[in-house]
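Remarks on the structure that follows.
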Amino acid sequence: FKFRFFFCRNRACCNIENVADRSIVTSPNHPRRYPANSNCEYHLINPQPWKRLRLRFTSFALETQCEYDHVKVRDGFQPASCTSKAFCGTQSPPEFVSSSNTLTISFHTDGGDNRAGFRAVVETVVDSSPDLRSVNACALANGCCKESCYSTNGHIHCGCSPGKLLQDDRTSCSYPSYCDLPYWQRLRLFSPSTRVVPGLHYTDEMGQRHRVGVIRRVRPTFVHVCWLDGGCADYRMCGHGKWDISLENPFSQMRTLANVTSSPCGRHNGGCDHDCQVRNGLPQCSCFNGYAVSPMNRSQCILNGCSDNNGGCSDVCTPISPTEVRCTCRTGWTLRPDGSCVDVDECATKNGGCAQRCVNSPGSFRCECEFPQYTMAEDGRNCTDVNECLDETVHHCQQSCVNTIGSFFCNCREGFVLSANGRTCNDFDECYRGAGMRCQQKCQNTPGSWHCTCHQGYRINPLHNMTCLDIPECTEEADMIREEANCLDCQEATPMYECLRCRPGYEISFNRTWCNDIDECQTNNGDCPQICTNTRGSFNCLCRPGYTKMDLFDNGKINSLCVNINECSTNNAGCSDTCTDLPGNYSCSCPNGTRLSSDAHTCLDINECLNNNGGCSQICNNTMGSHFCACRRGYRLSEDGFGCVDINECMDNDGGCNGNTSRCVNSAGSYRCACGTGYDLEDDMHTCEDVNECSSMELNSCNQICTNTAGGYECSCFTGFNLSDTDQATCQDINECLDQPCDGTCINTVGSYQCRCPEGFRVQNRHFCADIDECAEGIAMCQQQCRNTQGGFQCQCNVGFHLQRDQLRCKDINECRRADRNCCNQNCNNTAGSFRCGCQNGFYLDSDECTCRDVLECSNQNGGCEHTCIEEAGSFRCECRPGYVQDEFNTTQCHDINECERNNGGCEQLCANTDGSFQCACQSTFELQLDGRTCAACPTCQSFRELQSAFSLMVVEIRQLRDKFTDMGMEPPTSVLPDTGLFAATLPPLPQQTTTHQQQFTSLPQTTPSENPSTPTKDVVTEIKPSEENDPVDVFFQGIDLPSSDTMPDFANGK
């Protein structure tokens, strides 16, 4: 199946997703372009902790610059976990296998050039998967190893260069201090034989430094030291003081420094078998690789059976003895007989204590609420009702919300109705629904209400707000009519009023309720000479700019004239030079060499130098209204006043240059003093001095030695070099190895040479090679046995061990894994150099120490079983007799099954439990049937009468059958009862429902007492007509000749 993982801009929103045995992980929108500005983290986990995750990218297309878009892989969830480099472009990242059941993929994008993204396959694998052999786990970030990385079955093993040890983080390397070395390496570093240790110093607790002359190990943890400055003493190998060691051995490239002060570990190694470390002021023991601290004695180290394939455990492995381990599971898991861990389904027991839904998860469970209207309570078990009314984003009610148990509903205020969506409230239009019929004129609807309004000229009756009264405008609103309507006289009218006279400059409107302004400018421009402007009730005459208005009175009438204004007469109209008056306007002007500025009044100078440099060849100087030309230093102005001619300074006293060492060189506009080769011009710019070419690498080409000369330099070489004949500057190395000065290999060096010996040999007297006895000098570091060879050594192991791939350490041979090396038929427990057979539970080891025999548990007190004991291979089981069940917690005990508790034991009425069984019973007036479970009612008077009726009918029919035998001349069967006329056959079952009485009556024969003399004396009715007033049963028996009691069948005896 396929997982579609969401993307998020914030890493906190990304969840952890479970991964099945094979899952697909894709970038957002894949295979379409991924979104911009995303920061996604895919947290992958498999619920089975012993499985690992294998990641392969099947499609990969990102931006080529990793600082913009990239993918990173992290081994686990923690930010400090091993993280790969950033991958981008179209080259897929290498295959990766996690070290646990968790894995993280980080995906980052920027704002542009988005592409198809990636698609990856995530599979679960175990350590035994054969596919892991081809996986190079070091291909991704070098396995996060700081130095060397080795991949074995998908596992990463970090390694270190010679002389370094792997640190506790299992990735970094460092040179060890002496006391950090394994115990067996310490013993080899200080051998029991007396020896001289060059370069070894010891600084005592007083800070005094002593040089060691001779050192010898006298006890497993003590050495006997004699100082060169005198005196000998015994010292603990990791005790007081500080050792400063530099030895010619595999650690010759390091300087080990052991800083050990007085501590609980300083005396007898803290009682520890292997290493001792101080934690919170107390000694804490730890063991070497392949060993573990004994749970019985925390200072003792035993073989760690968990180090080999986790002891066969799928989860937690704890060593309990040198040959035994205990497999356990983490909380939420239970141990199977095969040693694997299976998840505990907490939900199977009382629903996990959850009030509604219980969801099981690997190693845990969680409670959930089945419906979204509930939320989980603080106890994590119960569900409480969600008050949806508290969150508007949930209920979306427009006005009010009413919460209910498990739900809610919306409500509206008075004057509103709830819409069909159940959320919004619509206004109830009372005017449309009939309320408007109560208004005299108009009805006005409002949100949630309504009110009556009136036509223009009317107002609401204050005594009855649904009727309207006419407004006397000319009386009550006279001021408004006069000021706003400009009506001077009015009279009342219906529905409003009528204007009779307007203000001057106004005329009555068409509805006669308003006075409109008269626009006098529309008629002959209002008699204005230029501009006419209308006003309310009047008008104004205006003149254009540059003119002034002049009013003339002619026969009592005002005539307006517009006269031109001479602006130049006043302050020259602001012009800085010449002002010219124009009709209604004026203009300013400027003389030659100047121009009018943007304010149209000021005259500005024209800079002729801006146009082709004013015609000047070099310098142009602008003046007010004109300009002139000039020349730079070293030039003079030509006769035309525009060009410049060069001045030759060398014609005058050679320009002042010193004729002995320098000469004058003229140039355009200037001159200079020049010097010959190997000389430089001094600060006075006229005198020359010799240049020291040897003081600067840029001025000479000598390869090694430079010697300055007057106006030049000479090159020479160091010892071991010759000066090249070609350039007289380069030094060539002399190859001393051509003379073969070395016993081994001669390596020419720059200016010298070195003698080197093959591995396993060392140089003596600079030229000769001597074999190194690695075993005697402690260089070999063999764990058990060492044999020196010419130029090397060989490590060997004791019996029961084999040499590991590093050719140094010895590993115990696990005889239990090879059938030809052990004789055990069940369990085999490996020991150091040997093995021991063991038996499974229910078996015992025979005297041959190889064969396991079955223990017959049932022969001893019936195996403790209360009922039956059954032997099984390696075990036994208890069973209970029928009617009993085994105790849930003690399977040897049996408890009676109360059959009555389940379906009442199958009994129809009453059930009584007994020891190992049960019995059915019936209530009073009922009788238990032959099946032992059902009950039938005992006969009553009514039921007996019904039985009599049915039996009488059969008697009649049998008699008729007997008469038919007689009419046919045949004898009835001999089995006919002579006194009753019944066949001696089993009577048929009584009918469940009697047919209608009318049908029964019609089938009865019409008899008289003389036709049946054997019938007891009784009144017989020959013709019966049933009616609705008669009881059907009573009528039935009135027409039947019942037999006597002695002829009735004996039902009690089954007849």
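The chains in the structure tokens are called A, B, ... from first to last as shown; in each chain the residues are counted from 1, and the ligands are counted from 1 in the order shown.
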Which residues are close to Ile870 (chain A), i.e. within 10 Å by only C-alpha atoms, leaving aside same-chain residues fewer than 5 positions away? Reply as number ranges by chain.
A: 856-858, 862-863, 865, 875-879
Contacts of region 329-343 of chain A at 9 Å (only C-alpha atoms; same-chain gap of 2+ positions) as a ChimeraX atom specification:
/A:48,312-317,327,345-346,361-365
I need the residues from that last selection saved to file as a CSV table (one decimal), in the first residue's frame (with N, CA, C and O atoms), if you can.
chain,number,residue,atom,x,y,z
A,48,GLN,N,7.5,-2.9,15.1
A,48,GLN,CA,8.3,-4.0,15.6
A,48,GLN,C,9.7,-3.5,15.8
A,48,GLN,O,10.5,-3.2,14.9
A,312,GLY,N,19.8,-14.2,20.9
A,312,GLY,CA,18.6,-14.8,20.3
A,312,GLY,C,17.3,-14.2,20.7
A,312,GLY,O,16.2,-14.6,20.3
A,313,CYS,N,17.4,-13.1,21.5
A,313,CYS,CA,16.2,-12.3,21.9
A,313,CYS,C,15.8,-11.4,20.8
A,313,CYS,O,16.6,-10.8,20.1
A,314,SER,N,14.5,-11.1,20.7
A,314,SER,CA,14.0,-10.2,19.7
A,314,SER,C,13.9,-8.8,20.3
A,314,SER,O,13.8,-7.8,19.5
A,315,ASP,N,14.0,-8.6,21.6
A,315,ASP,CA,13.9,-7.3,22.2
A,315,ASP,C,15.0,-7.1,23.2
A,315,ASP,O,16.1,-6.7,22.9
A,316,VAL,N,14.7,-7.3,24.5
A,316,VAL,CA,15.6,-7.0,25.6
A,316,VAL,C,16.3,-8.3,26.0
A,316,VAL,O,15.7,-9.3,26.3
A,317,CYS,N,17.7,-8.2,26.0
A,317,CYS,CA,18.5,-9.4,26.4
A,317,CYS,C,19.3,-9.0,27.6
A,317,CYS,O,20.0,-7.9,27.6
A,327,CYS,N,15.5,-13.3,28.2
A,327,CYS,CA,14.8,-12.5,27.2
A,327,CYS,C,13.6,-11.9,27.8
A,327,CYS,O,12.8,-12.6,28.4
A,345,ASP,N,-2.7,-6.7,23.5
A,345,ASP,CA,-3.9,-6.0,23.1
A,345,ASP,C,-4.6,-5.5,24.4
A,345,ASP,O,-5.4,-6.3,24.9
A,346,GLU,N,-4.3,-4.3,24.9
A,346,GLU,CA,-4.9,-3.9,26.1
A,346,GLU,C,-6.4,-3.7,25.9
A,346,GLU,O,-7.2,-3.7,26.9
A,361,SER,N,-2.3,-0.1,19.9
A,361,SER,CA,-1.1,0.3,19.1
A,361,SER,C,0.1,-0.5,19.6
A,361,SER,O,0.0,-1.1,20.6
A,362,PRO,N,1.1,-0.6,18.8
A,362,PRO,CA,2.3,-1.4,19.2
A,362,PRO,C,2.8,-1.0,20.5
A,362,PRO,O,3.3,0.1,20.6
A,363,GLY,N,2.7,-1.8,21.5
A,363,GLY,CA,3.3,-1.5,22.8
A,363,GLY,C,2.4,-0.6,23.7
A,363,GLY,O,2.8,-0.3,24.8
A,364,SER,N,1.3,-0.2,23.2
A,364,SER,CA,0.5,0.7,24.0
A,364,SER,C,-1.0,0.7,23.5
A,364,SER,O,-1.3,-0.2,22.7
A,365,PHE,N,-1.7,1.6,23.9
A,365,PHE,CA,-3.1,1.8,23.4
A,365,PHE,C,-3.5,3.2,23.7
A,365,PHE,O,-2.9,3.9,24.4
Polymer residues at most 9 Å from Asp854 (chain A), only C-alpha atoms, same-chain spacing of 5 or more positions, as a PyMOL selection string:
chain A and resi 842-844+872-875
Excluding same-chain residues fewer than 2 positions from Glu682 (chain A), what lies within 12 Å of it counting only C-alpha atoms, as an mmCIF file with N, CA and C atoms, in the first residue's frame?
data_model
loop_
_atom_site.group_PDB
_atom_site.id
_atom_site.type_symbol
_atom_site.label_atom_id
_atom_site.label_comp_id
_atom_site.auth_asym_id
_atom_site.auth_seq_id
_atom_site.Cartn_x
_atom_site.Cartn_y
_atom_site.Cartn_z
ATOM 1 N N CYS A 657 67.151 67.109 -14.879
ATOM 2 C CA CYS A 657 67.528 65.709 -14.617
ATOM 3 C C CYS A 657 69.043 65.612 -14.422
ATOM 4 N N ASN A 658 69.512 64.629 -13.549
ATOM 5 C CA ASN A 658 70.915 64.381 -13.301
ATOM 6 C C ASN A 658 71.480 63.643 -14.506
ATOM 7 N N THR A 661 73.083 59.764 -14.120
ATOM 8 C CA THR A 661 72.285 58.534 -13.914
ATOM 9 C C THR A 661 70.906 58.626 -14.550
ATOM 10 N N SER A 662 70.493 59.792 -15.042
ATOM 11 C CA SER A 662 69.149 59.913 -15.605
ATOM 12 C C SER A 662 69.194 60.801 -16.836
ATOM 13 N N CYS A 673 62.136 62.294 -15.811
ATOM 14 C CA CYS A 673 63.513 61.842 -15.774
ATOM 15 C C CYS A 673 63.507 60.331 -15.784
ATOM 16 N N ALA A 674 64.198 59.681 -16.718
ATOM 17 C CA ALA A 674 64.202 58.231 -16.863
ATOM 18 C C ALA A 674 65.532 57.662 -16.409
ATOM 19 N N CYS A 675 65.465 56.415 -15.797
ATOM 20 C CA CYS A 675 66.656 55.723 -15.290
ATOM 21 C C CYS A 675 66.933 54.499 -16.145
ATOM 22 N N TYR A 679 67.977 50.442 -12.029
ATOM 23 C CA TYR A 679 67.941 51.653 -11.201
ATOM 24 C C TYR A 679 66.493 52.109 -11.084
ATOM 25 N N ASP A 680 66.240 52.833 -9.967
ATOM 26 C CA ASP A 680 64.915 53.403 -9.713
ATOM 27 C C ASP A 680 65.059 54.890 -9.457
ATOM 28 N N ASP A 684 63.119 62.682 -5.329
ATOM 29 C CA ASP A 684 63.194 64.019 -5.944
ATOM 30 C C ASP A 684 62.824 63.972 -7.423
ATOM 31 N N MET A 685 62.548 62.771 -7.946
ATOM 32 C CA MET A 685 62.101 62.552 -9.310
ATOM 33 C C MET A 685 63.138 62.987 -10.349
ATOM 34 N N HIS A 686 64.399 63.196 -9.924
ATOM 35 C CA HIS A 686 65.445 63.617 -10.863
ATOM 36 C C HIS A 686 66.676 62.714 -10.771
ATOM 37 N N THR A 687 66.977 62.087 -9.572
ATOM 38 C CA THR A 687 68.173 61.282 -9.334
ATOM 39 C C THR A 687 67.801 59.800 -9.360
ATOM 40 N N CYS A 688 68.701 58.910 -9.891
ATOM 41 C CA CYS A 688 68.476 57.459 -9.958
ATOM 42 C C CYS A 688 69.382 56.742 -8.967
ATOM 43 N N GLU A 689 68.847 55.634 -8.311
ATOM 44 C CA GLU A 689 69.620 54.812 -7.389
ATOM 45 C C GLU A 689 69.480 53.343 -7.771
ATOM 46 N N ASP A 690 70.487 52.507 -7.339
ATOM 47 C CA ASP A 690 70.502 51.087 -7.693
ATOM 48 C C ASP A 690 69.331 50.356 -7.010
ATOM 49 N N VAL A 691 68.717 49.392 -7.736
ATOM 50 C CA VAL A 691 67.602 48.576 -7.219
ATOM 51 C C VAL A 691 68.165 47.275 -6.689
#
Non-local contacts of Asp470 (chain A) (10 Å; only C-alpha atoms; under 5 positions in same chain excluded) as a ChimeraX atom specification:
/A:454-461,493-496
Can you list every residue in region 275-510 of chain A that DSSP puts in helix (DSSP H, G or I), as a VMD selection string?
chain A and resid 305 to 307 309 to 312 346 to 348 350 to 353 388 to 390 392 to 395 435 to 438 473 to 476 478 to 483
Would you save the residues of that selection, restricted to N, CA, C and O atoms, as a tab-separated table (two decimals), in the first residue's frame?
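The result, stored in result_35.tsv:
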chain	number	residue	atom	x	y	z
A	305	GLY	N	26.48	-13.10	26.76
A	305	GLY	CA	25.80	-13.86	25.73
A	305	GLY	C	24.92	-13.02	24.85
A	305	GLY	O	24.52	-13.44	23.76
A	306	CYS	N	24.59	-11.80	25.29
A	306	CYS	CA	23.73	-10.92	24.50
A	306	CYS	C	24.49	-10.27	23.36
A	306	CYS	O	23.87	-9.68	22.47
A	307	SER	N	25.81	-10.31	23.39
A	307	SER	CA	26.58	-9.65	22.34
A	307	SER	C	26.54	-10.41	21.03
A	307	SER	O	26.86	-9.86	19.99
A	309	ASN	N	24.27	-11.88	18.39
A	309	ASN	CA	22.90	-11.92	17.85
A	309	ASN	C	21.88	-11.62	18.93
A	309	ASN	O	20.78	-12.19	18.95
A	310	ASN	N	22.26	-10.70	19.86
A	310	ASN	CA	21.35	-10.28	20.94
A	310	ASN	C	20.88	-11.47	21.77
A	310	ASN	O	19.78	-11.45	22.32
A	311	GLY	N	21.71	-12.52	21.84
A	311	GLY	CA	21.36	-13.68	22.64
A	311	GLY	C	20.18	-14.45	22.10
A	311	GLY	O	19.62	-15.27	22.81
A	312	GLY	N	19.78	-14.18	20.86
A	312	GLY	CA	18.60	-14.82	20.30
A	312	GLY	C	17.31	-14.15	20.70
A	312	GLY	O	16.22	-14.60	20.33
A	346	GLU	N	-4.30	-4.35	24.86
A	346	GLU	CA	-4.95	-3.87	26.09
A	346	GLU	C	-6.45	-3.69	25.91
A	346	GLU	O	-7.21	-3.73	26.88
A	347	CYS	N	-6.88	-3.45	24.66
A	347	CYS	CA	-8.30	-3.21	24.41
A	347	CYS	C	-9.13	-4.48	24.58
A	347	CYS	O	-10.36	-4.40	24.68
A	348	ALA	N	-8.48	-5.66	24.57
A	348	ALA	CA	-9.24	-6.90	24.69
A	348	ALA	C	-9.74	-7.11	26.11
A	348	ALA	O	-10.63	-7.93	26.33
A	350	LYS	N	-11.63	-5.46	29.12
A	350	LYS	CA	-12.49	-4.37	29.60
A	350	LYS	C	-12.34	-3.11	28.76
A	350	LYS	O	-12.32	-1.99	29.28
A	351	ASN	N	-12.15	-3.36	27.46
A	351	ASN	CA	-12.04	-2.22	26.51
A	351	ASN	C	-10.93	-1.27	26.90
A	351	ASN	O	-10.96	-0.08	26.57
A	352	GLY	N	-9.89	-1.80	27.59
A	352	GLY	CA	-8.76	-0.96	27.99
A	352	GLY	C	-9.13	0.09	29.01
A	352	GLY	O	-8.34	1.01	29.27
A	353	GLY	N	-10.33	-0.01	29.62
A	353	GLY	CA	-10.78	1.03	30.55
A	353	GLY	C	-11.34	2.25	29.85
A	353	GLY	O	-11.61	3.26	30.49
A	388	GLU	N	-20.39	22.72	21.62
A	388	GLU	CA	-20.11	23.34	20.33
A	388	GLU	C	-20.46	24.83	20.33
A	388	GLU	O	-19.92	25.59	19.52
A	389	CYS	N	-21.33	25.25	21.25
A	389	CYS	CA	-21.75	26.66	21.26
A	389	CYS	C	-20.63	27.59	21.71
A	389	CYS	O	-20.74	28.81	21.55
A	390	LEU	N	-19.55	27.05	22.28
A	390	LEU	CA	-18.46	27.91	22.74
A	390	LEU	C	-17.53	28.29	21.59
A	390	LEU	O	-16.71	29.19	21.75
A	392	GLU	N	-17.47	29.49	17.70
A	392	GLU	CA	-18.26	29.92	16.55
A	392	GLU	C	-17.83	29.23	15.27
A	392	GLU	O	-18.63	29.09	14.34
A	393	THR	N	-16.54	28.79	15.21
A	393	THR	CA	-16.08	28.12	13.99
A	393	THR	C	-16.67	26.72	13.86
A	393	THR	O	-16.53	26.09	12.82
A	394	VAL	N	-17.33	26.24	14.93
A	394	VAL	CA	-17.95	24.92	14.89
A	394	VAL	C	-19.44	25.01	14.63
A	394	VAL	O	-19.97	24.36	13.72
A	395	HIS	N	-20.15	25.85	15.43
A	395	HIS	CA	-21.62	25.86	15.29
A	395	HIS	C	-22.09	26.77	14.15
A	395	HIS	O	-23.10	26.50	13.52
A	435	ALA	N	-49.09	41.80	8.65
A	435	ALA	CA	-49.13	42.90	9.62
A	435	ALA	C	-49.40	44.23	8.93
A	435	ALA	O	-49.94	45.17	9.53
A	436	GLY	N	-49.01	44.34	7.64
A	436	GLY	CA	-49.22	45.60	6.93
A	436	GLY	C	-50.69	45.94	6.73
A	436	GLY	O	-51.03	47.11	6.46
A	437	MET	N	-51.56	44.96	6.85
A	437	MET	CA	-52.99	45.23	6.70
A	437	MET	C	-53.51	46.10	7.83
A	437	MET	O	-54.56	46.73	7.71
A	438	ARG	N	-52.77	46.14	8.92
A	438	ARG	CA	-53.24	46.93	10.07
A	438	ARG	C	-52.82	48.39	9.94
A	438	ARG	O	-53.29	49.23	10.69
A	473	GLU	N	-48.78	72.26	6.92
A	473	GLU	CA	-47.46	72.79	6.65
A	473	GLU	C	-47.38	74.31	6.73
A	473	GLU	O	-46.39	74.87	7.23
A	474	CYS	N	-48.41	74.98	6.19
A	474	CYS	CA	-48.34	76.44	6.15
A	474	CYS	C	-48.37	77.05	7.55
A	474	CYS	O	-47.95	78.21	7.74
A	475	THR	N	-48.81	76.29	8.53
A	475	THR	CA	-48.84	76.80	9.90
A	475	THR	C	-47.61	76.33	10.69
A	475	THR	O	-46.89	77.14	11.28
A	476	GLU	N	-47.41	75.01	10.69
A	476	GLU	CA	-46.34	74.45	11.52
A	476	GLU	C	-44.97	74.57	10.87
A	476	GLU	O	-43.95	74.63	11.56
A	478	ALA	N	-43.98	76.98	8.48
A	478	ALA	CA	-43.90	78.22	7.71
A	478	ALA	C	-42.45	78.68	7.53
A	478	ALA	O	-42.05	79.13	6.44
A	479	ASP	N	-41.64	78.53	8.59
A	479	ASP	CA	-40.24	78.96	8.48
A	479	ASP	C	-39.49	78.08	7.48
A	479	ASP	O	-38.69	78.59	6.68
A	480	MET	N	-39.73	76.78	7.51
A	480	MET	CA	-39.07	75.89	6.58
A	480	MET	C	-39.48	76.20	5.15
A	480	MET	O	-38.65	76.21	4.23
A	481	ILE	N	-40.74	76.47	4.95
A	481	ILE	CA	-41.23	76.76	3.60
A	481	ILE	C	-40.63	78.05	3.08
A	481	ILE	O	-40.24	78.16	1.92
A	482	ARG	N	-40.45	79.00	3.97
A	482	ARG	CA	-39.92	80.29	3.54
A	482	ARG	C	-38.41	80.22	3.31
A	482	ARG	O	-37.89	80.77	2.33
A	483	GLU	N	-37.69	79.50	4.20
A	483	GLU	CA	-36.24	79.49	4.10
A	483	GLU	C	-35.73	78.45	3.10
A	483	GLU	O	-34.80	78.71	2.35
Do a neighbour search on Ser294 (chain A) at 8 Å with only C-alpha atoms, toss out local chain neighbours closer than 5 positions, and write the hits as a PyMOL selection string.
chain A and resi 299-302+319-321
Output N, CA, C and O atoms for every residue in the selection just made, as a compact mmCIF listing (two decimals), in the first residue's frame.
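Now in selection_30.txt:
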# COMPACT_ATOMS: atom_id res chain seq x y z
N SER A 299 30.43 -6.13 40.60
CA SER A 299 31.85 -5.92 40.34
C SER A 299 32.46 -7.03 39.49
O SER A 299 33.60 -6.95 39.08
N GLN A 300 31.68 -8.09 39.22
CA GLN A 300 32.17 -9.23 38.47
C GLN A 300 31.74 -9.11 37.01
O GLN A 300 30.63 -8.70 36.71
N CYS A 301 32.63 -9.48 36.07
CA CYS A 301 32.33 -9.47 34.65
C CYS A 301 32.18 -10.90 34.15
O CYS A 301 33.03 -11.75 34.42
N ILE A 302 31.08 -11.16 33.45
CA ILE A 302 30.82 -12.48 32.88
C ILE A 302 30.72 -12.33 31.37
O ILE A 302 30.55 -11.23 30.84
N PRO A 319 22.11 -10.66 30.33
CA PRO A 319 22.92 -11.83 30.73
C PRO A 319 22.76 -12.10 32.22
O PRO A 319 22.87 -11.18 33.04
N ILE A 320 22.50 -13.37 32.59
CA ILE A 320 22.33 -13.72 34.00
C ILE A 320 23.43 -14.64 34.49
O ILE A 320 23.58 -14.84 35.70
N SER A 321 24.17 -15.25 33.57
CA SER A 321 25.30 -16.09 33.94
C SER A 321 26.22 -16.15 32.73
O SER A 321 25.86 -15.68 31.65
Write out as a VMD selection string all residues of region 572-710 of chain A that backbone DSSP assigns to strand (DSSP E).
chain A and resid 578 to 582 585 to 589 594 to 596 603 to 605 619 to 623 626 to 630 635 to 637 644 to 646 662 to 667 670 to 675 679 to 681 688 to 690 705 to 709
